[in-house]
2 protein chains.
Amino acid sequence: MDGMARDPDRAAGNDRGGQPYRPPRAATIYDIAREAGVAASTVSRALTQPQRVNERTRVHIERVADRLGYRPNPIARALPSGRTHTVALIVSDITNPHFFGVIRGAERQASTAGFTLILCNTEESADAEDRHVERLARGVDGFVLAASRLPDRRIRDLAAEIPVTLVNRKVGGVASAVIDQREGTQQIVEHLAALGHTSIAFLAGPQASWMASQRWRALSAAARRQEVSAIRLGPFAPTVAGGEAAADAALDTEVTAVVAHNDLLAIGVLRRFAQRGANVPGDLSVVGYDDIFGADFCSPSLTTLAGPLDEAGSTAMEVLLDLITARDSTTPRRDVVLPAHLITRESTGPCPT
Amino acid sequence: MDGMARDPDRAAGNDRGGQPYRPPRAATIYDIAREAGVAASTVSRALTQPQRVNERTRVHIERVADRLGYRPNPIARALPSGRTHTVALIVSDITNPHFFGVIRGAERQASTAGFTLILCNTEESADAEDRHVERLARGVDGFVLAASRLPDRRIRDLAAEIPVTLVNRKVGGVASAVIDQREGTQQIVEHLAALGHTSIAFLAGPQASWMASQRWRALSAAARRQEVSAIRLGPFAPTVAGGEAAADAALDTEVTAVVAHNDLLAIGVLRRFAQRGANVPGDLSVVGYDDIFGADFCSPSLTTLAGPLDEAGSTAMEVLLDLITARDSTTPRRDVVLPAHLITRESTGPCPT
DNA sequence: TTGAAAGCGCTAACAG
DNA sequence: CTGTTAGCGCTTTCAA
């Protein structure tokens, strides 16, 4: 009847070290069983598979559970079943408004399904990402990796042992929800070309960012089609602060329009241009990606490629939960592609003559 | 040798339902023990209290563990110890940039201490908050409640059974990190008074928000001292969208300055004023709270009371971890108050004559 | 429909 | 320094 946890209060984590109020150790199904005069297994059943238990005993047990203030212990529940009802969302930078939509969408979906969300920040470091994944691997039912910086191989290996879905990243064989960049970037270039621009610069994001390379690829392809010249500058930190260097680099060239890796960078560029007396859109046009919070009220307001970030987050989570739930059946892998659309605001205008 | 989990692969959650690659079931300390020719308890010790084991066996065990790709199961680890090394951060609205700093600060602190962070969104609902707390109570080592909407009593009860710290909320007997509103709000009023304003309106936030009432209280007290009149309008939703109603309400009065519950609301007000042709700061001055992302680049840029949100988050987490770690010893409760400071920008100007 | 019993993976007394 | 053993709280066979 004992072993290591001699003091039940201590075991239950109720030690208040001197506090007056000491609640009794949390009730377990055994307490309920004793109190209700049934076996623990019956309590367990009554609480998790009500239909497999006599109506009257069920009611009785529920009443006792209530009276005792019973709360199931998710840890104990997870051990035998191997199911934690917990999923982790890994983002490269919580600070980046880009992820807010993703986080919100994922959180809502998880919460609706009764799953708990663990949020991890990797600060743009593949190493930190790896450590987080490693540490959580056995404590969660699956991962949503948003804009992962992990190498393809690592992601594939991980996906082989635990459900994984990707947001805005594609790796062969792993389910994903990505916002289409090709079509949208094409719209950006067409918009710029229609305004008369013939020479644009892409202000690149982090080297390890899949998105960054997608965007550049799409941009240069579209530029070729539209017969405008496109150069690539960077990489730059995808932050407002990073905009300074990016703007300076752009001003050293002859381009009349810049397309920034994301809105954060674009906003930083806007600010730096203002500082250096470059008029937007008079002298230069600026385009961003994501339509983050603030893109509509910065000055000038930002032309940007808006993607359904919320939906990307919730879709990725939905697919993940499918994977988790229908693990044994052969669920077909799902690759969801969501459309982006250009929002034109004040930061783009006719090419100066 | 069996029971419920007949198929080891299934138990380990490795069932790939038709996928070619089927990794062996995850290694346990028993696998290591067998392989290394020692007892499981020795493996456990070698891995968690290296100094309590012979150097050579330790090395040997580590090598075997490595070879087997062993990863400790945090769930199994948590069950006997009652410690999950997991803490929950509950915020009322993930979408609100106000919390970004808090989230980031808390995340960093937790992560540094080797704790996992669970993030929950309550969508401004005390009910949802209650449910989250209820569900997590036995699965985490403690809670950080940011801008909690829970009634005092509930918070106190919770704190009596599990470590809790509060961000920007104070409840007798519960540790907290709050950003001082009194002194800062005084600065706002002085600033406005110095500009000649004599009649200001406070655009209130949610009824249940402790912050909202603190700010109003501080504001009306400061106004009295400065001999300016202050009225309270609202409550309004603390969002950009909420700014519309707030702005309209303000325009129905004779005030020449408005102080909004937070920057989100202030930005919404700015936008609405622009729509309705009210010039800021020519006709009206606008002040916000928090200095959120965007407050410096909206147009006009926003005068606002900046608080160290990051620090509030990290401090609350730090205190929580102290509470968790030093549970048994009588750690004195800590109430940390952090200073705010006014950042004056373009949205405030002289009172129109 | 219910009870008895085993076991999830790990930790920590306790004895040697 | 190491092995034996019990037990964390719950779920799930299996038998009654």
# chains A, B, ... in the order shown; residues from 1 in each chain; ligands from 1
>>> interface_residues(of="chain C", to="chain A", cutoff="10 Å", atoms="only C-alpha atoms (C1' of nucleotides)", output="ChimeraX atom specification")
/C:1-4,7-9,11-14
>>> write_last_selection(atoms="N, CA and C atoms (P, O5', C5', C4', C3', O3' and C1' of nucleotides)", output="CSV table (one decimal), in the first residue's frame")
chain,number,residue,atom,x,y,z
C,1,DT,P,-25.8,-3.9,-20.6
C,1,DT,O5',-25.2,-4.1,-19.1
C,1,DT,C5',-26.1,-4.1,-18.0
C,1,DT,C4',-25.2,-4.7,-16.9
C,1,DT,C3',-24.2,-3.7,-16.4
C,1,DT,O3',-24.4,-3.5,-15.0
C,1,DT,C1',-23.3,-5.9,-16.8
C,2,DT,P,-23.5,-2.6,-14.1
C,2,DT,O5',-22.3,-3.6,-13.7
C,2,DT,C5',-22.5,-4.4,-12.5
C,2,DT,C4',-21.3,-5.3,-12.4
C,2,DT,C3',-20.0,-4.6,-11.9
C,2,DT,O3',-19.9,-4.9,-10.5
C,2,DT,C1',-19.6,-6.2,-13.6
C,3,DG,P,-18.8,-4.3,-9.7
C,3,DG,O5',-17.6,-5.4,-9.8
C,3,DG,C5',-18.0,-6.7,-9.4
C,3,DG,C4',-16.8,-7.6,-9.4
C,3,DG,C3',-15.5,-7.0,-8.8
C,3,DG,O3',-14.8,-8.0,-8.2
C,3,DG,C1',-15.1,-7.5,-11.1
C,4,DA,P,-13.5,-7.8,-7.3
C,4,DA,O5',-12.4,-8.6,-8.0
C,4,DA,C5',-12.7,-9.8,-8.8
C,4,DA,C4',-11.5,-10.4,-9.4
C,4,DA,C3',-10.2,-10.0,-8.7
C,4,DA,O3',-9.3,-11.1,-8.9
C,4,DA,C1',-10.3,-9.1,-10.9
C,7,DG,P,1.3,-8.7,-17.2
C,7,DG,O5',1.4,-7.2,-17.9
C,7,DG,C5',0.5,-6.8,-18.9
C,7,DG,C4',0.5,-5.3,-19.0
C,7,DG,C3',1.9,-4.7,-18.8
C,7,DG,O3',2.1,-3.8,-19.9
C,7,DG,C1',0.3,-3.6,-17.4
C,8,DC,P,3.6,-3.5,-20.2
C,8,DC,O5',3.5,-2.0,-20.8
C,8,DC,C5',2.5,-1.6,-21.7
C,8,DC,C4',2.2,-0.1,-21.5
C,8,DC,C3',3.5,0.6,-21.1
C,8,DC,O3',4.0,1.2,-22.3
C,8,DC,C1',1.6,1.2,-19.7
C,9,DG,P,5.5,0.8,-22.8
C,9,DG,O5',6.4,1.7,-21.9
C,9,DG,C5',6.3,3.1,-22.1
C,9,DG,C4',7.0,3.8,-20.9
C,9,DG,C3',8.4,3.4,-20.7
C,9,DG,O3',9.2,4.6,-20.7
C,9,DG,C1',7.2,3.3,-18.6
C,11,DT,P,12.6,8.0,-14.8
C,11,DT,O5',12.0,7.8,-13.4
C,11,DT,C5',11.0,8.6,-12.9
C,11,DT,C4',10.7,8.3,-11.5
C,11,DT,C3',11.9,8.5,-10.5
C,11,DT,O3',11.4,9.2,-9.4
C,11,DT,C1',10.9,6.3,-10.3
C,12,DA,P,12.4,9.8,-8.3
C,12,DA,O5',12.2,8.7,-7.1
C,12,DA,C5',10.9,8.5,-6.6
C,12,DA,C4',11.0,7.4,-5.6
C,12,DA,C3',12.2,7.6,-4.6
C,12,DA,O3',11.8,7.1,-3.4
C,12,DA,C1',12.3,5.5,-5.7
C,13,DA,P,12.2,8.0,-2.1
C,13,DA,O5',12.4,7.1,-0.8
C,13,DA,C5',12.9,5.9,-1.0
C,13,DA,C4',11.9,4.9,-0.4
C,13,DA,C3',12.6,4.1,0.7
C,13,DA,O3',11.6,3.6,1.6
C,13,DA,C1',12.4,2.8,-1.3
C,14,DC,P,12.1,3.1,3.0
C,14,DC,O5',12.8,1.7,2.7
C,14,DC,C5',12.1,0.6,2.1
C,14,DC,C4',13.0,-0.5,1.7
C,14,DC,C3',14.1,-0.7,2.7
C,14,DC,O3',14.0,-2.0,3.3
C,14,DC,C1',14.9,-0.7,0.4
>>> interface_residues(of="chain D", to="chain A", cutoff="7 Å", atoms="only C-alpha atoms (C1' of nucleotides)", output="list of chain:residue names")
D:DA6, D:DG7, D:DG9, D:DC10, D:DT11
>>> residues_around(residues="region 94-104 of chain B", least_positions_apart="5", cutoff="7 Å", atoms="only C-alpha atoms (C1' of nucleotides)", output="list in words")
Ile94, Thr95, Phe100 and Arg104 of chain A; Asn121, Asp290, Ile292, Phe293, Leu309, Asp310, Ala312 and Gly313 of chain B
>>> write_last_selection(atoms="N, CA and C atoms", output="mmCIF file, in the first residue's frame")
data_model
loop_
_atom_site.group_PDB
_atom_site.id
_atom_site.type_symbol
_atom_site.label_atom_id
_atom_site.label_comp_id
_atom_site.auth_asym_id
_atom_site.auth_seq_id
_atom_site.Cartn_x
_atom_site.Cartn_y
_atom_site.Cartn_z
ATOM 1 N N ILE A 94 7.403 33.091 -32.680
ATOM 2 C CA ILE A 94 6.072 33.459 -32.183
ATOM 3 C C ILE A 94 5.802 34.931 -32.372
ATOM 4 N N THR A 95 6.858 35.683 -32.407
ATOM 5 C CA THR A 95 6.764 37.124 -32.507
ATOM 6 C C THR A 95 6.224 37.576 -33.855
ATOM 7 N N PHE A 100 0.380 34.386 -36.321
ATOM 8 C CA PHE A 100 -0.776 34.548 -35.460
ATOM 9 C C PHE A 100 -1.979 33.830 -36.023
ATOM 10 N N ARG A 104 -3.781 30.753 -34.272
ATOM 11 C CA ARG A 104 -5.183 30.847 -33.904
ATOM 12 C C ARG A 104 -6.009 29.742 -34.557
ATOM 13 N N ASN B 121 -6.336 29.567 -25.334
ATOM 14 C CA ASN B 121 -7.048 30.772 -25.686
ATOM 15 C C ASN B 121 -8.456 30.680 -25.124
ATOM 16 N N ASP B 290 -0.266 50.023 -24.157
ATOM 17 C CA ASP B 290 0.480 48.797 -24.479
ATOM 18 C C ASP B 290 1.653 48.948 -25.440
ATOM 19 N N ILE B 292 1.691 48.286 -28.673
ATOM 20 C CA ILE B 292 1.744 47.029 -29.428
ATOM 21 C C ILE B 292 2.441 47.227 -30.764
ATOM 22 N N PHE B 293 2.730 46.119 -31.393
ATOM 23 C CA PHE B 293 3.250 46.132 -32.748
ATOM 24 C C PHE B 293 2.303 46.953 -33.614
ATOM 25 N N LEU B 309 5.736 44.168 -21.444
ATOM 26 C CA LEU B 309 4.895 42.971 -21.523
ATOM 27 C C LEU B 309 5.730 41.692 -21.489
ATOM 28 N N ASP B 310 6.814 41.716 -22.251
ATOM 29 C CA ASP B 310 7.720 40.575 -22.252
ATOM 30 C C ASP B 310 8.129 40.220 -20.839
ATOM 31 N N ALA B 312 6.738 41.084 -18.096
ATOM 32 C CA ALA B 312 5.621 40.631 -17.270
ATOM 33 C C ALA B 312 5.437 39.127 -17.466
ATOM 34 N N GLY B 313 5.488 38.710 -18.732
ATOM 35 C CA GLY B 313 5.326 37.287 -19.020
ATOM 36 C C GLY B 313 6.450 36.460 -18.428
#
>>> atom_distance(atom1="CA of Pro339 (chain A)", atom2="CA of Ser314 (chain A)")
14.9 Å
>>> select_by_dssp(residues="region 278-320 of chain A", states="strand (DSSP E or B)", output="list in words")
Ser285, Val286, Val287, Gly288, Tyr289, Cys298, Thr303, Thr304, Leu305 and Ala306 of chain A
>>> closest_residue(among="B:Glu107, B:Asp291, B:Glu254, B:Asp127", to="chain A", atoms="only C-alpha atoms")
B:Glu107
>>> select_by_dssp(residues="region 128-191 of chain B", states="alpha helix (DSSP H)", output="compact mmCIF listing (two decimals) with N, CA and C atoms, in the first residue's frame")
# COMPACT_ATOMS: atom_id res chain seq x y z
N ALA B 128 -14.98 29.53 -20.85
CA ALA B 128 -13.96 28.78 -21.59
C ALA B 128 -12.70 28.69 -20.74
N GLU B 129 -12.40 29.74 -20.06
CA GLU B 129 -11.21 29.75 -19.21
C GLU B 129 -11.34 28.68 -18.13
N ASP B 130 -12.49 28.64 -17.54
CA ASP B 130 -12.76 27.67 -16.50
C ASP B 130 -12.62 26.24 -17.02
N ARG B 131 -13.16 26.01 -18.16
CA ARG B 131 -13.09 24.66 -18.74
C ARG B 131 -11.64 24.26 -19.01
N HIS B 132 -10.90 25.18 -19.60
CA HIS B 132 -9.50 24.87 -19.86
C HIS B 132 -8.76 24.52 -18.59
N VAL B 133 -8.93 25.36 -17.61
CA VAL B 133 -8.25 25.15 -16.34
C VAL B 133 -8.64 23.80 -15.75
N GLU B 134 -9.91 23.54 -15.79
CA GLU B 134 -10.43 22.30 -15.22
C GLU B 134 -9.80 21.10 -15.90
N ARG B 135 -9.74 21.17 -17.20
CA ARG B 135 -9.24 20.05 -17.95
C ARG B 135 -7.74 19.84 -17.76
N LEU B 136 -7.03 20.94 -17.60
CA LEU B 136 -5.58 20.84 -17.50
C LEU B 136 -5.06 20.64 -16.09
N ASP B 152 -12.37 36.39 -8.66
CA ASP B 152 -11.34 36.29 -7.63
C ASP B 152 -11.38 34.96 -6.88
N ARG B 153 -12.58 34.61 -6.48
CA ARG B 153 -12.75 33.42 -5.67
C ARG B 153 -12.22 32.18 -6.35
N ARG B 154 -12.58 32.05 -7.61
CA ARG B 154 -12.16 30.89 -8.38
C ARG B 154 -10.64 30.83 -8.47
N ILE B 155 -10.04 31.97 -8.69
CA ILE B 155 -8.59 32.03 -8.80
C ILE B 155 -7.94 31.63 -7.48
N ARG B 156 -8.50 32.10 -6.41
CA ARG B 156 -7.94 31.76 -5.11
C ARG B 156 -8.06 30.26 -4.85
N ASP B 157 -9.20 29.70 -5.18
CA ASP B 157 -9.39 28.26 -4.99
C ASP B 157 -8.39 27.47 -5.81
N LEU B 158 -8.23 27.89 -7.03
CA LEU B 158 -7.29 27.20 -7.91
C LEU B 158 -5.89 27.26 -7.33
N ALA B 159 -5.52 28.47 -6.90
CA ALA B 159 -4.17 28.67 -6.36
C ALA B 159 -3.95 27.84 -5.10
N ALA B 160 -5.03 27.45 -4.47
CA ALA B 160 -4.89 26.66 -3.25
C ALA B 160 -4.54 25.22 -3.57
N GLU B 161 -4.82 24.82 -4.81
CA GLU B 161 -4.50 23.42 -5.10
C GLU B 161 -3.37 23.23 -6.08
N ARG B 182 -1.12 53.09 -12.45
CA ARG B 182 -1.39 54.34 -11.77
C ARG B 182 -0.45 55.44 -12.23
N GLU B 183 0.81 55.19 -11.97
CA GLU B 183 1.83 56.16 -12.31
C GLU B 183 1.79 56.51 -13.81
N GLY B 184 1.68 55.47 -14.63
CA GLY B 184 1.68 55.68 -16.07
C GLY B 184 0.47 56.48 -16.54
N THR B 185 -0.67 56.15 -15.99
CA THR B 185 -1.89 56.84 -16.40
C THR B 185 -1.81 58.31 -15.97
N GLN B 186 -1.19 58.50 -14.84
CA GLN B 186 -0.93 59.86 -14.37
C GLN B 186 -0.13 60.63 -15.44
N GLN B 187 0.86 59.96 -15.99
CA GLN B 187 1.66 60.59 -17.05
C GLN B 187 0.79 60.97 -18.25
N ILE B 188 -0.11 60.08 -18.59
CA ILE B 188 -0.99 60.36 -19.73
C ILE B 188 -1.77 61.65 -19.46
N VAL B 189 -2.36 61.72 -18.30
CA VAL B 189 -3.21 62.86 -17.98
C VAL B 189 -2.39 64.14 -17.92
N GLU B 190 -1.21 64.04 -17.34
CA GLU B 190 -0.36 65.22 -17.27
C GLU B 190 0.00 65.70 -18.67
N HIS B 191 0.34 64.73 -19.50
CA HIS B 191 0.69 65.05 -20.89
C HIS B 191 -0.46 65.79 -21.57
>>> closest_residue(among="A:Leu284, A:Ile90, A:Ala65, A:Val59", to="chain B", atoms="only C-alpha atoms")
A:Ile90
>>> residues_around(residues="Gly268 (chain A)", least_positions_apart="3", cutoff="9 Å", atoms="only C-alpha atoms (C1' of nucleotides)", output="MDAnalysis selection string")
chainID A and resid 239:244 246:247 263:265 271:273
>>> closest_residue(among="A:Phe202, A:Trp216, A:Trp210, A:Tyr70", to="chain B", atoms="only C-alpha atoms")
A:Tyr70
>>> closest_residue(among="B:Asp66, B:Glu124, B:Asp252, B:Asp296", to="chain A", atoms="only C-alpha atoms")
B:Asp296
>>> atom_distance(atom1="CA of Ala110 (chain A)", atom2="CA of Gln49 (chain A)")
22.2 Å
>>> atom_distance(atom1="CA of Leu323 (chain B)", atom2="CA of Leu150 (chain B)")
21.0 Å
